[in-house]
Structure formats: C-alpha cells, structure tokens
Protein chains: 2
Amino acid sequence: MNGKLIVIALGGNAFLQKDEKGTVEEQWRNVYAAAKTIVELIKMGNKVVVTHGNGPQVGNVMEWMEALKHKIPPLTMDIAGAMTQGWIGYMLQQAIQNVLIEEGLDHRYRVATIVNQVVVRSDDPAWNNPTKYVGPYYTEEEAKKLAAEKGWVVKPDPRGGWRRVVPSPDVVDNVEKEAIKTLLENNFIVIASGGGGIPVVRDEKGRHRGVEAVIDKDLAGQLLARLVGADHFIILTDVDGAYINYGKPNQQLLKVLTVSEAKKLLEQGVFGAGSMGPKVKACVRFTEATGKESFIGHLYKAISTLRGETGTKFIPG
Amino acid sequence: MNGKLIVIALGGNAFLQKDEKGTVEEQWRNVYAAAKTIVELIKMGNKVVVTHGNGPQVGNVMEWMEALKHKIPPLTMDIAGAMTQGWIGYMLQQAIQNVLIEEGLDHRYRVATIVNQVVVRSDDPAWNNPTKYVGPYYTEEEAKKLAAEKGWVVKPDPRGGWRRVVPSPDVVDNVEKEAIKTLLENNFIVIASGGGGIPVVRDEKGRHRGVEAVIDKDLAGQLLARLVGADHFIILTDVDGAYINYGKPNQQLLKVLTVSEAKKLLEQGVFGAGSMGPKVKACVRFTEATGKESFIGHLYKAISTLRGETGTKFIPG
C-alpha cells in the first residue's frame with residue numbers, strides 16, 4: 001500500500017458533519033480533517049486523486065438562486081455544479097497543500113483542482129425516470145406551476161413538500177481526463193470530478209453541452225479511477241463499510257466481498273438504495289473492470305481500510 | 001504573431017453585454033463569441049492562457065448568500081470567488097473546446113480550468129483603505145449593524161445606498177503557477193486566475209489562508225503572464241483601447257505608448273480610476289518587467305490589436 005495511484009471519493013462528512021449548520025468555520029474544520037487523512041496516504045508514497053460529493057452544496061446554490069429568481073436570472077444545474085467544484089475544490093486544495101507543508105512534503109507534491117465535465121448519454125433510460133430530489137421544497141401548487149413554466153418534473157418528497165426531481169444517468173466518459181493524467185504524471189495531487197462531475201452530453205462531432213442531472217459521485221469516481229489507471233479506488237464515508245442488516249441488532253460488516261458476491265447482494269437489495277447501494281455498485285464496477293481492489297471505509301480510517309483491517313474490501317471473482 | 005504564448009484577460013463583456021439581464025442563454029452567447037476570438041488566436045499557432053473578471057458574478061453570489069443568510073450560513077468572499085471560477089471557467093472551457101472541434105483543432109489542443117489562488121500581502125496598505133464596493137445595497141442602519149456584527153467596513157455608494165467595501169491589495173504570487181505551466185507545456189489552453197484569483201495570504205511557513213478582498217483581474221493577469229513567461233499580454237474589453245479625453249468630442253486613441261509615456265499619463269490621471277487606469281497599469285507592469293509588448297483592445301478585435309492595427313500597444317522605453 002505504497003507507491004500506488006489511489007482515487008479517493010470523499011463523502012459528505014468531509015465537509016458537513018451531522019448536526020452542523022454548515023458555517024464556514026465548520027466546513028474548514030471538516031476539510032482539514034479530511035486533508036489529514038489524504039496526506040497520510042501521500043506520506044506513504046502514494047499518488048492521489050480526490051473526488052467528492054456536492055449534494056448539500058449544490059442544494060444551497062439552487063436555493064440561493066431560487067430565492068432571488070425575480071431579481072437575478074437563475075442558472076442551470078450544470079453551472080450550479082461547476083460552482084460547487086470551485087467552492088469545494090478550493091477548500092480541499094488549500095487544506096491539503098497546507099497539511100503537506102506542515103508535514104514537510106510540499107517540495108515533492110503540489111495540489112490542483114480541475115473544473116471537470118462528465119459525459120452522460122442523452123438516451124440514458126434515466127431521462128425517462130427522474131429520481132433525484134434537488135433544490136428547494138415547494139407547495140404542490142407552486143411546484144406544478146414551476147413544472148409547467150420550466151418543463152421540470154416535480155414530485156412529492158417523502159420528507160415533506162414537493163420538489164423538483166432530475167435524472168441520475170450513468171457515466172460514459174470524463175472530458176478532462178487528459179488534463180488530470182498530465183497533472184498526475186507531474187506529481188500533482190488532483191481534485192477532479194467533483195459532485196460526480198458537471199453533467200454534459202456529447203454530440204456526434206464530439207461537442208459537449210450541459211444538462212440538468214445529478215451524477216452519482218462514486219460512479220463518476222470509479223470511472224475516473226479506471227481512466228487514470230488507478231491501482232485502488234476507495235470510498236470514504238461516515239460508516240465503517242458495507243453491512244448486512246445495517247442498523248439492526250444483527251448488523252454485520254462485510255469485510256471482503258468478491259464481485260459476484262457483491263452483485264448478488266445488490267440484486268437482493270440488502271443495501272440502501274440512496275446510500276450504500278450506489279457505493280457498492282461503484283466498487284463492483286471498478287474491480288470488475290480492472291481486476292483491482294476497491295474499498296469502502298470510514299473517512300478517518302483510510303489506511304486501516306486499505307490494509308483490510310477495517311471497512312469492506314472488494315476483490316475480483 | 002504566431003507561435004507565441006499569449007495571456008488574454010477577458011473583460012466583463014465576454015459574459016454580460018450592456019442592457020442584458022444575464023440569463024443563461026445570454027451568457028452562453030457571449031461566451032461563444034469570446035471563444036471564437038480566442039480560437040482565432042490558437043488557429044494562428046499561438047498558445048493561450050485565458051483569465052477573466054468576475055465582478056457581476058461574485059456580486060450575484062454575495063446577493064444570493066445575503067438573501068438567505070437566516071437559513072444558510074453565508075460563505076466568505078474567497079469561497080464566493082472560487083465559485084465564480086467554477087461557473088465562468090466551465091462555460092469558457094466548454095465553449096472553447098466546442099469551437100476547437102468546429103475548427104478541426106481538437107486533436108492538437110485541449111482546454112482545462114484551474115481553481116486558482118493568488119497571493120496578496122497581509123501588510124498591503126490597501127487593508128487600511130478598502131475601496132471596492134461589493135455585494136448588496138443596504139440602508140445606512142442595516143449597513144452599520146452588519147459592520148458592527150461582522151467587522152465589515154461599510155460606506156455610502158455614489159450609486160445610492162450603503163455597501164460593504166473591501167480592500168484591493170496588490171498581487172504577489174500565483175499559487176498554482178506550476179500546474180498552469182505543466183498544462184501549457186502539454187498543449188492545453190488554460191483558464192486560470194479567474195476574477196483576479198482567489199485572494200489568499202501566505203504565512204511564514206508558506207501556508208495559505210483566504211482573505212476577503214477583491215483582486216484586480218488585469219493586475220493578476222499580468223503577473224500570471226510574467227510567471228508563465230508569456231510573449232504577450234492582451235486585455236480585451238468593451239472599448240477599442242486607451243484614450244485621452246475619453247468620451248469627449250476630442251477623444252483620441254493612444255495607438256502606441258512607451259512604458260514611460262504611459263506612466264506619465266497614469267500620474268496625470270487621464271484614465272478612469274475604476275476602468276482604464278488599472279488596465280494601463282497592468283500593461284505597464286508587464287512590459288516594464290519583461291521588455292515585451294502588451295495590448296489593450298476590443299474583445300472582437302484581438303488579432304488586429306495584436307497586429308497594431310487597432311487598440312493600444314505598450315512597448316518598452
């Protein structure tokens with residue numbers, strides 16, 4: 001577990017912990033804790049690419065835009081996503097760079113964030129079945145009015161109120177993969193594919209255009225890991241790994257899963273559809289495509305997860 | 001004017017034209033027009049770094065945050081700046097890449113945006129004299145209350161109402177210069193130093209920390225141009241160049257200025273302090289430091305400006 005190229009997908013707890021309001025001070029404290037975990041891996045001689053979620057942040061941006069929509073024309077979701085890449089990328093790159101300095105590693109490594117587009121298919125079946133709740137909560141009347149005005153799909157959110165729903169299409173390519181590879185080859189720690197990437201579709205000539213969708217950050221992360229030839233893909237989150245019977249008295253951590261075992265469990269629906277399911281799916285995708293190990297573990301247990309001492313390890317087979 | 005490395009500083013009209021509301025459609029139209037100008041220069045065999053302003057965009061972000069401050073903790077100006085780098089960088093990189101494809105140049109060049117911090121001094125005299133109006137307009141009472149609460153400096157804006165003022169310190173270094181150089185050496189068109197860069201100060205160990213300030217994008221642009229060893233620095237804006245008696249019947253375009261001539265005119269205060277003055281100052285700084293030519297011209301006349309047929313050219317001497 002040294003001299004490897006590792007793609008790390010950071011969960012929401014790298015920026016916002018439970019019961020926090022999301023003040024700037026809280027965000028910096030969380031980002032520094034995540035940066036220390038990342039620098040531990042770098043210290044061991046590994047090269048690192050960092051990707052991250054943006055759910056609460058893109059939600060904030062969409063609420064801000066909605067609140068002043070009569071004064072400032074609201075932007076589309078692709079632009080909102082790009083804004084969160086700047087926001088989170090800046091915080092992560094500054095914190096990682098500062099921790100590298102504190103560890104005396106700044107002469108060997110530098111950090112850079114790439115504004116990053118991720119390609120989805122315009123004929124992905126997800127377009128016919130939008131499932132991801134985004135932005136503010138509305139009354140039924142408001143929601144239906146907006147749907148008529150803007151062509152949105154709106155649905156009642158189980159958490160209360162009506163909300164816009166957007167599709168979550170599968171990932172096809174990472175537009176800036178060559179920039180990411182170039183930086184990696186030159187000893188940069190690269191932050192990329194933030195929030196799953198800015199969703200774009202590609203036309204027959206290869207031109208890209210932004211679309212309003214949510215890309216799963218772990219699915220985009222495993223694609224990035226494959227495209228840069230990573231040795232490992234690790235998802236760091238707020239739980240210790242993938243469990244059977246999670247949250248029940250008989251819950252059991254799955255320490256090692258083969259691809260075929262994991263696929264079977266996914267089919268049986270034992271993981272949360274909006275939480276652990278996509279993480280397991282992303283690891284399966286990476287390990288199946290590459291024959292290399294992938295991992296799910298707690299944000300502050302990255303090294304022990306990679307060593308197989310904690311967390312869930314996915315192996316070929 | 002081919003085979004050169006050119007740093008281009010785009011003015012606000014690359015994103016927002018006079019009398020526009022700033023809808024997403026308008027922004028894309030403007031960005032594509034700017035992208036065509038940039039690709040014309042690339043077509044001639046030049047390498048290009050693009051930087052840009054963010055005044056209206058960061059103003060929007062600050063208004064959004066202020067409008068919902070009771071619900072979502074507002075972010076600091078450094079983070080707001082980082083968000084606009086994502087926003088504008090994304091639009092520019094997608095548009096430039098698409099125009100490269102249309103021109104059949106996409107096999108030779110790719111585009112990447114770097115989230116970019118720019119260093120200012122914590123002891124810059126500007127900190128004692130904040131001059132840049134930012135964010136929403138308040139009543140005197142609201143403004144003074146916010147000033148007491150947050151340690152802001154507030155002043156009456158000549159355009160009406162009270163506003164926060166922040167310092168505009170000078171530029172010292174570009175934190176991500178090595179990432180930008182690495183990408184340039186590998187045939188990338190790089191978008192960087194957006195909005196003058198995310199303002200940070202550097203401590204004695206080399207660690208960076210965001211500060212609430214506004215960096216002049218042309219001043220940051222000329223520093224970037226010097227750091228990457230650019231052959232030319234060109235500021236593209238909504239006027240044809242630097243004028244004497246601008247806006248008066250006897251206005252006269254200054255076609256060529258030596259550094260010492262330009263310095264004399266700056267001292268005499270013949271250029272607008274908030275508009276042409278900083279542009280001339282940035283060109284003077286670049287040409288004086290490097291002995292290389294710099295230019296101010298209209299956004300849609302980049303090539304004729306670089307040829308000396310239109311615009312203002314700054315030469316050593």
# chains A, B, ... in the order shown; residues from 1 in each chain; ligands from 1

$ residues_around --residues "range 310-315 of chain A" --least-positions-apart "3" --cutoff "10 Å" --atoms "only C-alpha atoms" --output "VMD selection string"
chain A and resid 233 to 236 239 to 243 253 to 262 280 283 to 284 286 to 288 291 to 298 301 to 307

$ interface_residues --of "chain A" --to "chain B" --cutoff "7 Å" --atoms "only C-alpha atoms" --output "MDAnalysis selection string"
chainID A and resid 22:24 64:65 68 73 75 79 82:87 90 94 98 101 112:115 176 179 183 207:208

$ calpha_fit_rmsd --fixed "chain A" --moving "chain B"
0.0 Å

$ select_by_dssp --residues "range 23-245 of chain B" --states "strand (DSSP E)" --output "PyMOL selection string"
chain B and resi 47-52+110-113+117-119+132-138+153-156+162-166+173-174+188-191+198-202+208-210+232-237+243-244

$ select_by_dssp --residues "range 135-258 of chain B" --states "helix (DSSP H, G or I)" --output "number ranges by chain"
B: 140-150, 177-185, 194-196, 217-227

$ residues_around --residues "Thr51 in chain A" --least-positions-apart "3" --cutoff "7 Å" --atoms "only C-alpha atoms" --output "VMD selection string"
chain A and resid 8 to 10 191 to 194 221

$ write_last_selection --atoms "N, CA and C atoms" --output "PDB file, in the first residue's frame"
ATOM      1  N   ILE A   8      -9.593   8.580  -4.389  1.00  0.00           N
ATOM      2  CA  ILE A   8     -10.363   8.662  -3.145  1.00  0.00           C
ATOM      3  C   ILE A   8     -11.654   9.430  -3.407  1.00  0.00           C
ATOM      4  N   ALA A   9     -12.786   8.817  -3.083  1.00  0.00           N
ATOM      5  CA  ALA A   9     -14.077   9.516  -3.202  1.00  0.00           C
ATOM      6  C   ALA A   9     -14.543   9.906  -1.807  1.00  0.00           C
ATOM      7  N   LEU A  10     -14.570  11.208  -1.545  1.00  0.00           N
ATOM      8  CA  LEU A  10     -14.955  11.706  -0.222  1.00  0.00           C
ATOM      9  C   LEU A  10     -16.464  11.869  -0.128  1.00  0.00           C
ATOM     10  N   ILE A 191      -7.643  17.201  -7.672  1.00  0.00           N
ATOM     11  CA  ILE A 191      -9.032  17.169  -7.234  1.00  0.00           C
ATOM     12  C   ILE A 191      -9.885  17.301  -8.497  1.00  0.00           C
ATOM     13  N   ALA A 192     -10.762  16.333  -8.735  1.00  0.00           N
ATOM     14  CA  ALA A 192     -11.492  16.317 -10.004  1.00  0.00           C
ATOM     15  C   ALA A 192     -12.829  15.620  -9.840  1.00  0.00           C
ATOM     16  N   SER A 193     -13.664  15.742 -10.860  1.00  0.00           N
ATOM     17  CA  SER A 193     -14.947  15.039 -10.928  1.00  0.00           C
ATOM     18  C   SER A 193     -15.841  15.380  -9.735  1.00  0.00           C
ATOM     19  N   GLY A 194     -15.673  16.585  -9.190  1.00  0.00           N
ATOM     20  CA  GLY A 194     -16.423  17.000  -8.004  1.00  0.00           C
ATOM     21  C   GLY A 194     -17.931  16.931  -8.217  1.00  0.00           C
ATOM     22  N   GLY A 221     -16.563   8.589  -9.815  1.00  0.00           N
ATOM     23  CA  GLY A 221     -15.241   8.374  -9.230  1.00  0.00           C
ATOM     24  C   GLY A 221     -14.588   7.094  -9.728  1.00  0.00           C
TER      25      GLY A 221
END

$ atom_distance --atom1 "CA of Gly274 in chain B" --atom2 "CA of Val154 in chain B"
18.6 Å

$ atom_distance --atom1 "CA of Gly53 in chain B" --atom2 "CA of Val153 in chain B"
23.2 Å

$ decode --residues "range 98-112 of chain B" --atoms "all heavy atoms" --output "mmCIF file, in the first residue's frame"
data_model
loop_
_atom_site.group_PDB
_atom_site.id
_atom_site.type_symbol
_atom_site.label_atom_id
_atom_site.label_comp_id
_atom_site.auth_asym_id
_atom_site.auth_seq_id
_atom_site.Cartn_x
_atom_site.Cartn_y
_atom_site.Cartn_z
ATOM 1 N N ASN B 98 -15.581 23.345 -27.754
ATOM 2 C CA ASN B 98 -16.531 23.116 -28.849
ATOM 3 C C ASN B 98 -16.125 23.876 -30.114
ATOM 4 O O ASN B 98 -16.254 23.352 -31.224
ATOM 5 C CB ASN B 98 -17.946 23.519 -28.416
ATOM 6 C CG ASN B 98 -18.573 22.486 -27.477
ATOM 7 O OD1 ASN B 98 -18.062 21.385 -27.316
ATOM 8 N ND2 ASN B 98 -19.692 22.845 -26.862
ATOM 9 N N VAL B 99 -15.634 25.099 -29.965
ATOM 10 C CA VAL B 99 -15.193 25.859 -31.145
ATOM 11 C C VAL B 99 -13.939 25.216 -31.740
ATOM 12 O O VAL B 99 -13.791 25.149 -32.971
ATOM 13 C CB VAL B 99 -14.974 27.350 -30.791
ATOM 14 C CG1 VAL B 99 -14.422 28.109 -31.997
ATOM 15 C CG2 VAL B 99 -16.279 27.998 -30.325
ATOM 16 N N LEU B 100 -13.049 24.694 -30.893
ATOM 17 C CA LEU B 100 -11.867 23.968 -31.405
ATOM 18 C C LEU B 100 -12.306 22.782 -32.259
ATOM 19 O O LEU B 100 -11.711 22.507 -33.311
ATOM 20 C CB LEU B 100 -11.005 23.455 -30.242
ATOM 21 C CG LEU B 100 -10.142 24.474 -29.499
ATOM 22 C CD1 LEU B 100 -9.501 23.817 -28.270
ATOM 23 C CD2 LEU B 100 -9.061 25.065 -30.395
ATOM 24 N N ILE B 101 -13.344 22.082 -31.808
ATOM 25 C CA ILE B 101 -13.859 20.940 -32.575
ATOM 26 C C ILE B 101 -14.400 21.421 -33.913
ATOM 27 O O ILE B 101 -14.098 20.853 -34.966
ATOM 28 C CB ILE B 101 -14.948 20.195 -31.761
ATOM 29 C CG1 ILE B 101 -14.298 19.458 -30.584
ATOM 30 C CG2 ILE B 101 -15.743 19.228 -32.647
ATOM 31 C CD1 ILE B 101 -15.280 18.889 -29.569
ATOM 32 N N GLU B 102 -15.178 22.498 -33.878
ATOM 33 C CA GLU B 102 -15.739 23.029 -35.130
ATOM 34 C C GLU B 102 -14.655 23.458 -36.106
ATOM 35 O O GLU B 102 -14.834 23.387 -37.318
ATOM 36 C CB GLU B 102 -16.679 24.199 -34.815
ATOM 37 C CG GLU B 102 -18.016 23.691 -34.284
ATOM 38 C CD GLU B 102 -18.801 24.744 -33.515
ATOM 39 O OE1 GLU B 102 -18.495 25.936 -33.653
ATOM 40 O OE2 GLU B 102 -19.707 24.345 -32.753
ATOM 41 N N GLU B 103 -13.529 23.902 -35.577
ATOM 42 C CA GLU B 103 -12.419 24.345 -36.427
ATOM 43 C C GLU B 103 -11.443 23.208 -36.740
ATOM 44 O O GLU B 103 -10.394 23.447 -37.360
ATOM 45 C CB GLU B 103 -11.659 25.482 -35.725
ATOM 46 C CG GLU B 103 -12.485 26.730 -35.472
ATOM 47 C CD GLU B 103 -12.712 27.541 -36.743
ATOM 48 O OE1 GLU B 103 -11.978 27.320 -37.733
ATOM 49 O OE2 GLU B 103 -13.636 28.372 -36.746
ATOM 50 N N GLY B 104 -11.753 22.001 -36.267
ATOM 51 C CA GLY B 104 -10.884 20.850 -36.540
ATOM 52 C C GLY B 104 -9.550 20.902 -35.817
ATOM 53 O O GLY B 104 -8.562 20.306 -36.242
ATOM 54 N N LEU B 105 -9.494 21.620 -34.698
ATOM 55 C CA LEU B 105 -8.228 21.784 -33.967
ATOM 56 C C LEU B 105 -8.162 20.952 -32.698
ATOM 57 O O LEU B 105 -7.195 21.033 -31.939
ATOM 58 C CB LEU B 105 -8.047 23.264 -33.582
ATOM 59 C CG LEU B 105 -7.787 24.223 -34.735
ATOM 60 C CD1 LEU B 105 -8.031 25.661 -34.293
ATOM 61 C CD2 LEU B 105 -6.362 24.054 -35.246
ATOM 62 N N ASP B 106 -9.199 20.148 -32.456
ATOM 63 C CA ASP B 106 -9.293 19.472 -31.165
ATOM 64 C C ASP B 106 -8.301 18.332 -30.998
ATOM 65 O O ASP B 106 -8.148 17.811 -29.892
ATOM 66 C CB ASP B 106 -10.720 18.977 -30.927
ATOM 67 C CG ASP B 106 -11.224 18.110 -32.068
ATOM 68 O OD1 ASP B 106 -11.066 18.517 -33.231
ATOM 69 O OD2 ASP B 106 -11.760 17.029 -31.802
ATOM 70 N N HIS B 107 -7.628 17.932 -32.057
ATOM 71 C CA HIS B 107 -6.621 16.893 -31.880
ATOM 72 C C HIS B 107 -5.295 17.481 -31.417
ATOM 73 O O HIS B 107 -4.429 16.773 -30.937
ATOM 74 C CB HIS B 107 -6.447 16.092 -33.173
ATOM 75 C CG HIS B 107 -7.701 15.395 -33.560
ATOM 76 N ND1 HIS B 107 -8.197 14.348 -32.823
ATOM 77 C CD2 HIS B 107 -8.586 15.630 -34.547
ATOM 78 C CE1 HIS B 107 -9.333 13.947 -33.364
ATOM 79 N NE2 HIS B 107 -9.588 14.719 -34.401
ATOM 80 N N ARG B 108 -5.160 18.790 -31.555
ATOM 81 C CA ARG B 108 -3.890 19.431 -31.160
ATOM 82 C C ARG B 108 -3.980 20.107 -29.811
ATOM 83 O O ARG B 108 -2.963 20.262 -29.144
ATOM 84 C CB ARG B 108 -3.486 20.447 -32.231
ATOM 85 C CG ARG B 108 -2.978 19.755 -33.490
ATOM 86 C CD ARG B 108 -2.880 20.689 -34.660
ATOM 87 N NE ARG B 108 -2.042 21.849 -34.395
ATOM 88 C CZ ARG B 108 -2.017 22.912 -35.174
ATOM 89 N NH1 ARG B 108 -2.801 22.974 -36.249
ATOM 90 N NH2 ARG B 108 -1.232 23.923 -34.893
ATOM 91 N N TYR B 109 -5.172 20.536 -29.419
ATOM 92 C CA TYR B 109 -5.294 21.289 -28.175
ATOM 93 C C TYR B 109 -6.460 20.777 -27.347
ATOM 94 O O TYR B 109 -7.471 20.350 -27.869
ATOM 95 C CB TYR B 109 -5.549 22.774 -28.472
ATOM 96 C CG TYR B 109 -4.518 23.414 -29.341
ATOM 97 C CD1 TYR B 109 -4.746 23.594 -30.704
ATOM 98 C CD2 TYR B 109 -3.309 23.837 -28.801
ATOM 99 C CE1 TYR B 109 -3.794 24.185 -31.510
ATOM 100 C CE2 TYR B 109 -2.347 24.435 -29.595
ATOM 101 C CZ TYR B 109 -2.597 24.604 -30.954
ATOM 102 O OH TYR B 109 -1.653 25.185 -31.742
ATOM 103 N N ARG B 110 -6.295 20.889 -26.037
ATOM 104 C CA ARG B 110 -7.396 20.648 -25.115
ATOM 105 C C ARG B 110 -7.487 21.829 -24.169
ATOM 106 O O ARG B 110 -6.589 22.664 -24.113
ATOM 107 C CB ARG B 110 -7.156 19.365 -24.323
ATOM 108 C CG ARG B 110 -7.141 18.128 -25.185
ATOM 109 C CD ARG B 110 -7.115 16.889 -24.320
ATOM 110 N NE ARG B 110 -6.857 15.705 -25.135
ATOM 111 C CZ ARG B 110 -5.642 15.252 -25.424
ATOM 112 N NH1 ARG B 110 -4.586 15.881 -24.964
ATOM 113 N NH2 ARG B 110 -5.486 14.171 -26.159
ATOM 114 N N VAL B 111 -8.555 21.881 -23.403
ATOM 115 C CA VAL B 111 -8.798 23.035 -22.535
ATOM 116 C C VAL B 111 -8.952 22.559 -21.095
ATOM 117 O O VAL B 111 -9.552 21.514 -20.847
ATOM 118 C CB VAL B 111 -10.087 23.777 -22.962
ATOM 119 C CG1 VAL B 111 -10.183 25.129 -22.268
ATOM 120 C CG2 VAL B 111 -10.154 23.939 -24.479
ATOM 121 N N ALA B 112 -8.418 23.314 -20.146
ATOM 122 C CA ALA B 112 -8.600 22.990 -18.725
ATOM 123 C C ALA B 112 -8.669 24.261 -17.893
ATOM 124 O O ALA B 112 -7.968 25.235 -18.175
ATOM 125 C CB ALA B 112 -7.471 22.101 -18.223
#
